[in-house]
Amino acid sequence: ASCSLYAFGSEAPPLSCFQHGYSCSDLSFRGLLDNLLKTCVGVTGEWEELADAIVALAAEYGLEHSYQPENHTPTKVLKGYMLQVFIHRSIVDDYAYPSQAYGIPIDGSVTDYVDQSKADGQARVFMHPKVLIDPRSVRLYHYCSRPSQANMDPFVRGSRGALVRELRALLAPFLDTAEKRDGVRARIEGVLYTAEHSYDEDEEEE
């Protein structure tokens with residue numbers, strides 16, 4: 001993540017990469033998607049079908065859908081998306097760290113790094129679900145390089161709103177009852193609990 005819109009010292013400067021999009025070419029996003037859905041759905045067979053359906057939907061809307069490094073090819077089509085994340089200064093050091101390319105940490109806190117570099121650089125953000133949905137802590141904004149795609153009307157063909165509507169329809173069978181939603185929440189919290197305690201143990205050893 002670039003520390004600001006004008007962070008030309010980052011791996012992917014927003015003003016240079018926004019229009020055509022930017023994506024890592026040495027990472028399997030399909031693998032990340034599979035792991036996420038496997039955690040959330042938890043039923044062998046069902047999460048694979050859901051992943052295939054989501055990738056097909058991405059292709060239909062012109063998003064990067066190969067999700068494999070060897071299939072990544074640049075394009076001249078304007079299909080860039082940008083997610084702008086504001087994290088309250090009182091907690092940002094708990095959920096972000098300054099980094100070099102590929103997430104290699106830089107010593108010190110992200111607030112010190114931003115102050116010293118005038119926000120010209122990059123960081124990595126720990127996307128904790130409970131924090132992300134708290135508007136007192138985090139604010140999220142999204143932008144599309146194609147204005148027509150930025151339309152949030154769910155009934156405008158090819159718009160972001162239509163994509164969200166169809167994505168929700170794919171996810172609905174897994175979230176349509178309180179019991180299913182509680183199960184998804186419990187599985188996600190279980191993974192977070194394990195990750196957080198592993199991090200605490202690593203810090204104690206150091």
# chains A, B, ... in the order shown; residues from 1 in each chain; ligands from 1
call {"tool": "select_by_dssp", "arguments": {"residues": "stretch 1-204 of chain A", "states": "alpha helix (DSSP H)", "output": "PyMOL selection string"}}
result
chain A and resi 14-17+29-41+46-60+92-95+110-117+129-132+160-171+178-204
call {"tool": "closest_residue", "arguments": {"among": "A:Ser16, A:Thr44, A:Asn35, A:Gln122", "to": "A:Tyr97", "atoms": "only C-alpha atoms"}}
result
A:Gln122
call {"tool": "residues_around", "arguments": {"residues": "stretch 126-140 of chain A", "least_positions_apart": "2", "cutoff": "10 Å", "atoms": "only C-alpha atoms", "output": "number ranges by chain"}}
result
A: 83-92, 94-97, 124, 142, 185, 188-189, 192
call {"tool": "atom_distance", "arguments": {"atom1": "atom CA of A:Ala172", "atom2": "atom CA of A:Phe155"}}
result
18.1 Å
call {"tool": "residues_around", "arguments": {"residues": "stretch 113-120 of chain A", "least_positions_apart": "2", "cutoff": "8 Å", "atoms": "only C-alpha atoms", "output": "JSON, numbers by chain"}}
result
{"A": [2, 3, 4, 6, 7, 8, 9, 10, 98, 108, 109, 110, 111, 122]}
call {"tool": "write_last_selection", "arguments": {"atoms": "N, CA, C and O atoms", "output": "PDB file, in the first residue's frame"}}
result
ATOM      1  N   SER A   2       0.582   2.186  -0.891  1.00  0.00           N
ATOM      2  CA  SER A   2       1.305   3.456  -0.896  1.00  0.00           C
ATOM      3  C   SER A   2       0.811   4.301   0.273  1.00  0.00           C
ATOM      4  O   SER A   2      -0.372   4.278   0.616  1.00  0.00           O
ATOM      5  N   CYS A   3       1.719   5.068   0.880  1.00  0.00           N
ATOM      6  CA  CYS A   3       1.349   5.853   2.059  1.00  0.00           C
ATOM      7  C   CYS A   3       0.499   7.069   1.714  1.00  0.00           C
ATOM      8  O   CYS A   3      -0.145   7.639   2.590  1.00  0.00           O
ATOM      9  N   SER A   4       0.513   7.481   0.463  1.00  0.00           N
ATOM     10  CA  SER A   4      -0.331   8.593   0.051  1.00  0.00           C
ATOM     11  C   SER A   4      -0.522   8.539  -1.462  1.00  0.00           C
ATOM     12  O   SER A   4       0.144   7.776  -2.174  1.00  0.00           O
ATOM     13  N   TYR A   6       0.404  10.668  -3.490  1.00  0.00           N
ATOM     14  CA  TYR A   6       1.590  11.227  -4.139  1.00  0.00           C
ATOM     15  C   TYR A   6       2.870  10.500  -3.737  1.00  0.00           C
ATOM     16  O   TYR A   6       3.959  11.073  -3.783  1.00  0.00           O
ATOM     17  N   ALA A   7       2.756   9.252  -3.370  1.00  0.00           N
ATOM     18  CA  ALA A   7       3.918   8.475  -2.932  1.00  0.00           C
ATOM     19  C   ALA A   7       4.659   7.893  -4.134  1.00  0.00           C
ATOM     20  O   ALA A   7       4.469   6.743  -4.509  1.00  0.00           O
ATOM     21  N   PHE A   8       5.506   8.696  -4.744  1.00  0.00           N
ATOM     22  CA  PHE A   8       6.245   8.234  -5.922  1.00  0.00           C
ATOM     23  C   PHE A   8       7.390   7.295  -5.546  1.00  0.00           C
ATOM     24  O   PHE A   8       7.980   6.665  -6.416  1.00  0.00           O
ATOM     25  N   GLY A   9       7.701   7.208  -4.260  1.00  0.00           N
ATOM     26  CA  GLY A   9       8.757   6.303  -3.827  1.00  0.00           C
ATOM     27  C   GLY A   9       8.256   4.915  -3.507  1.00  0.00           C
ATOM     28  O   GLY A   9       9.013   4.062  -3.058  1.00  0.00           O
ATOM     29  N   SER A  10       6.971   4.649  -3.761  1.00  0.00           N
ATOM     30  CA  SER A  10       6.419   3.333  -3.455  1.00  0.00           C
ATOM     31  C   SER A  10       6.635   2.378  -4.625  1.00  0.00           C
ATOM     32  O   SER A  10       7.053   2.771  -5.714  1.00  0.00           O
ATOM     33  N   PRO A  98       5.710   0.139   8.187  1.00  0.00           N
ATOM     34  CA  PRO A  98       6.392   0.616   6.986  1.00  0.00           C
ATOM     35  C   PRO A  98       7.159  -0.530   6.340  1.00  0.00           C
ATOM     36  O   PRO A  98       7.679  -1.408   7.033  1.00  0.00           O
ATOM     37  N   GLY A 108      11.020   0.709  12.884  1.00  0.00           N
ATOM     38  CA  GLY A 108      10.284   1.872  13.357  1.00  0.00           C
ATOM     39  C   GLY A 108       8.796   1.748  13.086  1.00  0.00           C
ATOM     40  O   GLY A 108       8.339   0.814  12.428  1.00  0.00           O
ATOM     41  N   SER A 109       8.047   2.697  13.617  1.00  0.00           N
ATOM     42  CA  SER A 109       6.593   2.684  13.444  1.00  0.00           C
ATOM     43  C   SER A 109       6.196   3.348  12.135  1.00  0.00           C
ATOM     44  O   SER A 109       6.963   4.120  11.551  1.00  0.00           O
ATOM     45  N   VAL A 110       4.993   3.054  11.681  1.00  0.00           N
ATOM     46  CA  VAL A 110       4.526   3.644  10.434  1.00  0.00           C
ATOM     47  C   VAL A 110       4.294   5.145  10.581  1.00  0.00           C
ATOM     48  O   VAL A 110       4.492   5.908   9.621  1.00  0.00           O
ATOM     49  N   THR A 111       3.900   5.604  11.772  1.00  0.00           N
ATOM     50  CA  THR A 111       3.701   7.048  11.966  1.00  0.00           C
ATOM     51  C   THR A 111       5.030   7.794  11.870  1.00  0.00           C
ATOM     52  O   THR A 111       5.111   8.859  11.247  1.00  0.00           O
ATOM     53  N   GLN A 122       5.877   3.212   1.192  1.00  0.00           N
ATOM     54  CA  GLN A 122       4.800   2.236   1.264  1.00  0.00           C
ATOM     55  C   GLN A 122       4.729   1.563   2.624  1.00  0.00           C
ATOM     56  O   GLN A 122       5.647   1.654   3.427  1.00  0.00           O
TER      57      GLN A 122
END
call {"tool": "atom_distance", "arguments": {"atom1": "atom CA of A:Ile54", "atom2": "atom CA of A:Leu5"}}
result
29.5 Å
call {"tool": "residues_around", "arguments": {"residues": "A:Asp34", "least_positions_apart": "4", "cutoff": "9 Å", "atoms": "only C-alpha atoms", "output": "number ranges by chain"}}
result
A: 29-30, 38-39, 47-48, 51
call {"tool": "atom_distance", "arguments": {"atom1": "atom CA of A:Tyr61", "atom2": "atom CA of A:Arg168"}}
result
14.7 Å
